Amino acid sequence: MSERVGSFRAARLWGDGARWRAGFADPGAALARARADLVLWMPVAIGCGGGVYFALRTEPSGLVLAALLAVMVAGVAGLLRGPEALRLLAGLVAFAALGFTLSAHRTHSVAAPVLDFRYYGPVEGRIVKVDRSSRDLIRLTLDRVTLKRVAPERTPERVRVSLHGAQDHLLPEPGMRVMLTANLMAPNGPAEPGGWDYRRTAWFESLGAVGYSRTPVMLVEGADPHDLALAGHRARMAISRAMQERMPGQAGAVAAALMTGDRSGITEATNEVMRISNLYHIVSISGLHMAMLAGFVFAAIRYGLAACGTLALILPAKKIAAAAALVAASVYLWIAGPEVATQRSYIMAAVMLLAVLFDRRALSLRTVAMAAVMILIARPESLTEPGFQMSFAATVGLIVSNTRWAEWSRPLPHLLRPAIALLFTSLVAGIVTGPIAAAHFNRGSGYGLLANFLAVPVMGTLVMPGGVIAAVLAPFGLAAPALWVMDLGTRWMILVAEWVAGLKGASVMVMAPPVAVLPVMSLGAVVAVLARGPLRMAGMVAVAVSMVLWTQAERPVLLVSSGAEIVGLAGPEGRGLSKPVADFVASSWLAADGDGATVAEAAARPVFTGDRGARVANWQGRAVVHLTGKAGLESLPQYCRDGALVILAGTAPAEGAGSCEIWDQPRLRDSGALAFDARGDVTWANAVSGIRPWTVAGRWAQ
């Protein structure tokens with residue numbers, strides 16, 4: 001037996017080598033063969049075109065877009081009638097041009113006003129979303145907004161307000177029209193040049209202002225029960241409240257998030273242990289949830305029909321089960337809401353179920369490719385989101401590894417196969433998504449495999465089936481036993497998350513990679529999976545090069561926030577902060593450094609000295625001064641000397657204050673956050689982002 005297996009593997013390796021040699025000898029023929037796999041390359045090409053668009057520093061002109069349309073037409077013509085060896089290349093060029101133009105069209109089609117000044121006053125609007133901020137504050141997203149003394153054409157389409165203080169007098173629900181007094185401003189730019197730009201995310205959500213309120217929310221008008229557009233929202237919140245009443249505590253909040261997408265009941269402490277243990281995907285509706293729900297319904301219907309004797313021989317049980325699972329997934333989408341991650345998960349599940357209905361392989365690279373194409377056409381901005389990248393990376397990794405698993409699992413005992421299969425799939429998913437998660441979140445989980453091995457089976461066997469059964473029995477008042485099972489399962493998952501998060505080395509901080517690393521790594525991995533012959537080796541080399549580039553990453557020595565609230569200077573013990581403020585910005589800097597210190601710990605490092613309003617550090621023989629408050633402004637002449645670098649949280653006098661380099665708030669408002677490298681060269685955040693529709697400086701929507 002072992003000899004036959006060895007001979008088979010040797011023959012396969014010899015065949016692979018022969019194909020490689022043929023590819024080197026006749027690359028045109030290799031490209032011609034690859035044209036049959038064009039459907040697999042479509043999302044890659046569309047994504048490359050969209051990636052180029054989002055990476056630009058300035059918005060392309062109409063002439064550029066017209067030229068790309070011409071390139072697209074020429075590429076389609078080459079694909080249909082060109083030389084055989086060039087047809088794949090022509091098709092890829094056409095789809096890349098399509099991705100670029102789709103991204104540009106989507107960007108301008110969602111244009112809405114962005115608040116270009118700080119606003120304080122009454123805000124009135126209709127609640128369309130209720131969630132929770134990173135500080136455990138309830139947040140309201142409002143549309144149909146009215147701002148006092150702001151013209152309608154300058155009023156944002158949507159605003160998001162965090163609620164401070166007690167708000168027990170009103171239970172906010174989607175559809176309610178409310179009024180409150182709030183501080184609003186435009187969505188913030190990146191914490192540092194090249195960092196995550198929240199303005200772009202907000203742009204595609206038509207979110208033109210964010211802020212906070214310390215006053216009670218007043219109800220102006222109740223939700224319209226006939227408003228079908230918000231019917232799903234109301235159903236979601238009603239189901240979520242009912243579940244949390246039956247399952248009090250964080251177990252109920254997590255269970256409600258799993259079934260409805262409402263995460264407003266989950267505290268930041270629970271979110272944090274979920275992140276550290278690599279279980280955060282559990283509280284965010286993803287492909288895993290859709291797959292478990294659809295899979296349970298599919299299996300229940302199919303095996304239920306199989307138990308019906310002769311009826312099972314007459315009816316197409318598999319297709320009936322697929323249709324029922326598609327209906328269940330559609331209802332789940334309607335309840336869970338229009339979040340991008342939920343829609344992406346639904347599209348992937350729907351494509352696979354439709355493949356079953358049309359007698360195609362449900363789980364294949366082609367079905368995944370078609371799901372990716374549909375998402376990139378509908379929402380090209382998804383390409384830049386970690387959820388899109390990680391979900392498709394995990395799915396492709398599992399499909400590719402499934403063939404190997406079928407071979408390796410043959411000698412294993414039947415009783416051990418399910419457990420080992422779970423370990424194997426968790427390992428594969430962790431390997432392919434780990435670098436993406438580390439690049440986006442600057443954190444790796446030391447025991448993520450262990451946490452998923454302990455929690456995911458419980459979610460698949462108790463929590464999600466319990467939720468489906470509870471939904472079926474709830475109209476008859478019989479949901480209590482199923483909810484009890486869900487409660488047990490979610491309590492176990494939270495217990496696992498807390499235990500794993502408490503282990504030494506559970507959270508591993510990772511330095512942020514250079515901007516080019518993630519695109520090169522992703523494209524190289526895709527080429528290594530899809531290509532044949534020498535191109536596959538080129539993809540592997542690209543992945544290796546990206547990892548080398550990551551290890552050579554250099555962080556800025558000096559960082560300045562866009563509002564002059566805080567300054568960070570790298571020292572022997574790590575980055576020291578001028579003040580323990582600006583938690584989000586400071587935490588982003590420390591995370592990108594791969595530094596696990598808290599903001600308070602970083603502010604206590606002996607880098608900056610001096611009074612509260614005048615913090616001073618020495619950098620390469622040059623004074624770096626951070627002046628805040630009235631006292632800081634008054635002491636400007638004292639510190640503005642000998643070429644010092646002064647960061648002023650205020651407005652510098654027009655006549656000048658001495659011989660120094662001043663960055664005051666008006667100047668920083670135009671430049672955005674600053675980053676100084678070891679040579680003293682400075683980079684502006686807005687110079688990196690350029691003038692794009694989502695930057696307030698562009699004023700595109702007004």
# chains A, B, ... in the order shown; residues from 1 in each chain; ligands from 1
call {"tool": "select_by_dssp", "arguments": {"residues": "segment 281-313 of chain A", "states": "alpha helix (DSSP H)", "output": "ChimeraX atom specification"}}
result
/A:287-306,311-313
call {"tool": "residues_around", "arguments": {"residues": "Leu147 of chain A", "least_positions_apart": "2", "cutoff": "8 Å", "atoms": "only C-alpha atoms", "output": "list in words"}}
result
Gly121, Pro122, Val123, Glu124, Val145, Arg149, Val150 and Thr155 of chain A
call {"tool": "closest_residue", "arguments": {"among": "A:Met290, A:Ala631, A:Met259, A:Ala480", "to": "Met352 of chain A", "atoms": "only C-alpha atoms"}}
result
A:Met290
call {"tool": "residues_around", "arguments": {"residues": "Pro174 of chain A", "least_positions_apart": "4", "cutoff": "6 Å", "atoms": "only C-alpha atoms", "output": "list in words"}}
result
Ile127, Val128 and Lys129 of chain A
call {"tool": "closest_residue", "arguments": {"among": "A:Ala592, A:Cys640, A:Val400, A:Val560", "to": "Met511 of chain A", "atoms": "only C-alpha atoms"}}
result
A:Ala592
call {"tool": "atom_distance", "arguments": {"atom1": "atom CA of Leu230 of chain A", "atom2": "atom CA of Gly252 of chain A"}}
result
23.6 Å
call {"tool": "residues_around", "arguments": {"residues": "segment 487-492 of chain A", "least_positions_apart": "2", "cutoff": "8 Å", "atoms": "only C-alpha atoms", "output": "NGL selection string"}}
result
:A and (247 or 251-252 or 254-255 or 455 or 458-459 or 462-463 or 483-485 or 494-496)
call {"tool": "residues_around", "arguments": {"residues": "Asp593 of chain A", "least_positions_apart": "2", "cutoff": "9 Å", "atoms": "only C-alpha atoms", "output": "list in words"}}
result
Asn442, Met509, Val510, Met511, Ala512, Arg555, Gly574, Arg575, Ser588, Trp589, Leu590, Ala591, Asp595 and Gly596 of chain A
call {"tool": "select_by_dssp", "arguments": {"residues": "segment 185-342 of chain A", "states": "strand (DSSP E or B)", "output": "PyMOL selection string"}}
result
chain A and resi 185+207-213+218-221
call {"tool": "closest_atom_pairs", "arguments": {"of": "segment 491-585 of chain A", "to": "segment 602-605 of chain A", "cutoff": "6 Å", "atoms": "only C-alpha atoms", "output": "CSV"}}
result
residue,atom,partner,partner_atom,distance
A:Gly576,CA,A:Ala602,CA,5.1
A:Leu577,CA,A:Ala603,CA,4.4
A:Lys579,CA,A:Ala603,CA,5.6
A:Pro580,CA,A:Ala603,CA,5.4
call {"tool": "closest_residue", "arguments": {"among": "A:Leu219, A:Tyr332, A:Gly466, A:Leu473", "to": "Gly261 of chain A", "atoms": "only C-alpha atoms"}}
result
A:Tyr332
call {"tool": "closest_residue", "arguments": {"among": "A:Val159, A:Leu627, A:Ala242, A:Leu56", "to": "Ala474 of chain A", "atoms": "only C-alpha atoms"}}
result
A:Ala242
call {"tool": "decode", "arguments": {"residues": "segment 291-438 of chain A", "atoms": "C-alpha atoms", "output": "tab-separated table (two decimals), in the first residue's frame"}}
result
chain	number	residue	atom	x	y	z
A	291	ALA	CA	-22.68	28.91	6.85
A	292	MET	CA	-23.70	27.42	10.20
A	293	LEU	CA	-27.28	28.65	9.97
A	294	ALA	CA	-27.74	27.66	6.33
A	295	GLY	CA	-25.91	24.38	6.93
A	296	PHE	CA	-28.13	23.46	9.88
A	297	VAL	CA	-31.32	24.22	7.94
A	298	PHE	CA	-29.98	22.38	4.88
A	299	ALA	CA	-29.04	19.30	6.90
A	300	ALA	CA	-32.26	19.30	8.92
A	301	ILE	CA	-34.49	19.44	5.81
A	302	ARG	CA	-32.44	16.99	3.79
A	303	TYR	CA	-32.13	14.34	6.48
A	304	GLY	CA	-35.71	14.94	7.53
A	305	LEU	CA	-36.90	14.17	4.00
A	306	ALA	CA	-34.55	11.20	3.83
A	307	ALA	CA	-36.38	9.71	6.79
A	308	CYS	CA	-39.69	9.83	4.90
A	309	GLY	CA	-39.14	6.51	3.15
A	310	THR	CA	-40.37	6.34	-0.45
A	311	LEU	CA	-41.09	10.08	-0.47
A	312	ALA	CA	-37.35	10.67	-0.34
A	313	LEU	CA	-36.98	8.78	-3.63
A	314	ILE	CA	-39.58	10.98	-5.37
A	315	LEU	CA	-38.66	14.45	-4.16
A	316	PRO	CA	-35.36	16.22	-4.97
A	317	ALA	CA	-34.43	16.41	-1.29
A	318	LYS	CA	-31.10	18.11	-1.85
A	319	LYS	CA	-32.61	20.95	-3.87
A	320	ILE	CA	-35.53	21.39	-1.49
A	321	ALA	CA	-33.06	21.62	1.39
A	322	ALA	CA	-30.97	24.18	-0.53
A	323	ALA	CA	-34.06	26.28	-1.27
A	324	ALA	CA	-35.12	26.19	2.39
A	325	ALA	CA	-31.62	27.14	3.51
A	326	LEU	CA	-31.62	30.05	1.04
A	327	VAL	CA	-34.92	31.30	2.47
A	328	ALA	CA	-33.53	30.99	6.02
A	329	ALA	CA	-30.38	32.89	5.06
A	330	SER	CA	-32.51	35.61	3.41
A	331	VAL	CA	-34.60	36.03	6.56
A	332	TYR	CA	-31.39	36.13	8.60
A	333	LEU	CA	-30.08	38.90	6.34
A	334	TRP	CA	-33.32	40.86	6.70
A	335	ILE	CA	-33.18	40.65	10.49
A	336	ALA	CA	-29.43	41.21	10.85
A	337	GLY	CA	-29.53	44.40	8.80
A	338	PRO	CA	-27.72	45.95	5.84
A	339	GLU	CA	-24.19	45.81	7.27
A	340	VAL	CA	-21.55	45.21	4.61
A	341	ALA	CA	-20.18	42.15	6.41
A	342	THR	CA	-23.65	40.62	6.63
A	343	GLN	CA	-24.37	41.27	2.96
A	344	ARG	CA	-21.02	39.80	1.98
A	345	SER	CA	-21.72	36.67	4.03
A	346	TYR	CA	-25.16	36.32	2.50
A	347	ILE	CA	-23.87	36.62	-1.06
A	348	MET	CA	-21.28	33.91	-0.44
A	349	ALA	CA	-23.87	31.59	1.12
A	350	ALA	CA	-26.47	32.35	-1.58
A	351	VAL	CA	-24.05	31.65	-4.43
A	352	MET	CA	-23.17	28.28	-2.95
A	353	LEU	CA	-26.80	27.33	-2.34
A	354	LEU	CA	-27.75	28.39	-5.86
A	355	ALA	CA	-24.92	26.19	-7.12
A	356	VAL	CA	-26.66	23.24	-5.44
A	357	LEU	CA	-29.97	24.19	-7.05
A	358	PHE	CA	-28.33	24.27	-10.49
A	359	ASP	CA	-26.35	21.04	-9.99
A	360	ARG	CA	-22.96	22.71	-9.56
A	361	ARG	CA	-20.33	22.17	-6.90
A	362	ALA	CA	-21.39	24.22	-3.87
A	363	LEU	CA	-17.91	24.74	-2.46
A	364	SER	CA	-15.42	25.54	-5.18
A	365	LEU	CA	-13.10	28.34	-6.17
A	366	ARG	CA	-15.48	29.30	-8.97
A	367	THR	CA	-18.42	29.90	-6.64
A	368	VAL	CA	-16.20	31.93	-4.32
A	369	ALA	CA	-14.91	33.93	-7.29
A	370	MET	CA	-18.43	34.73	-8.43
A	371	ALA	CA	-19.38	35.85	-4.91
A	372	ALA	CA	-16.33	38.13	-4.84
A	373	VAL	CA	-17.22	39.60	-8.24
A	374	MET	CA	-20.77	40.37	-7.11
A	375	ILE	CA	-19.53	42.11	-3.95
A	376	LEU	CA	-16.86	44.12	-5.76
A	377	ILE	CA	-19.39	45.30	-8.33
A	378	ALA	CA	-21.97	46.28	-5.71
A	379	ARG	CA	-19.54	47.68	-3.10
A	380	PRO	CA	-16.03	48.19	-4.51
A	381	GLU	CA	-14.93	49.82	-1.23
A	382	SER	CA	-15.23	46.40	0.45
A	383	LEU	CA	-11.84	45.59	-1.02
A	384	THR	CA	-10.14	47.80	1.57
A	385	GLU	CA	-11.97	46.28	4.55
A	386	PRO	CA	-10.34	43.59	6.71
A	387	GLY	CA	-13.61	41.62	6.85
A	388	PHE	CA	-13.67	41.17	3.07
A	389	GLN	CA	-10.01	40.21	2.94
A	390	MET	CA	-10.13	37.77	5.84
A	391	SER	CA	-13.39	36.04	4.92
A	392	PHE	CA	-12.33	35.33	1.35
A	393	ALA	CA	-8.80	34.37	2.41
A	394	ALA	CA	-10.20	31.85	4.90
A	395	THR	CA	-12.69	30.42	2.40
A	396	VAL	CA	-10.10	30.02	-0.36
A	397	GLY	CA	-7.60	28.53	2.08
A	398	LEU	CA	-10.11	25.94	3.29
A	399	ILE	CA	-11.14	24.98	-0.24
A	400	VAL	CA	-7.55	24.56	-1.40
A	401	SER	CA	-6.56	22.59	1.70
A	402	ASN	CA	-9.64	20.36	1.51
A	403	THR	CA	-8.08	18.27	-1.26
A	404	ARG	CA	-4.98	17.59	0.82
A	405	TRP	CA	-7.12	16.83	3.88
A	406	ALA	CA	-9.06	14.18	1.95
A	407	GLU	CA	-5.75	12.37	1.35
A	408	TRP	CA	-4.21	12.87	4.79
A	409	SER	CA	-7.34	11.88	6.73
A	410	ARG	CA	-7.69	8.42	5.18
A	411	PRO	CA	-5.44	6.60	7.68
A	412	LEU	CA	-7.01	8.39	10.69
A	413	PRO	CA	-9.51	6.57	12.95
A	414	HIS	CA	-13.09	7.53	12.14
A	415	LEU	CA	-13.83	8.66	15.68
A	416	LEU	CA	-10.92	11.11	15.68
A	417	ARG	CA	-11.53	12.61	12.24
A	418	PRO	CA	-14.07	15.29	13.30
A	419	ALA	CA	-11.84	16.66	16.07
A	420	ILE	CA	-8.71	16.59	13.92
A	421	ALA	CA	-10.64	18.12	11.02
A	422	LEU	CA	-11.68	21.02	13.27
A	423	LEU	CA	-8.08	21.52	14.37
A	424	PHE	CA	-6.94	21.39	10.76
A	425	THR	CA	-9.50	23.91	9.51
A	426	SER	CA	-8.79	26.26	12.43
A	427	LEU	CA	-5.08	26.01	11.72
A	428	VAL	CA	-5.56	26.74	8.01
A	429	ALA	CA	-7.92	29.65	8.69
A	430	GLY	CA	-5.51	31.04	11.27
A	431	ILE	CA	-2.52	30.80	8.95
A	432	VAL	CA	-4.19	32.54	6.01
A	433	THR	CA	-6.00	35.24	8.02
A	434	GLY	CA	-3.32	35.83	10.66
A	435	PRO	CA	-1.10	38.14	8.57
A	436	ILE	CA	-4.13	40.14	7.40
A	437	ALA	CA	-5.40	40.58	10.95
A	438	ALA	CA	-1.93	41.52	12.18
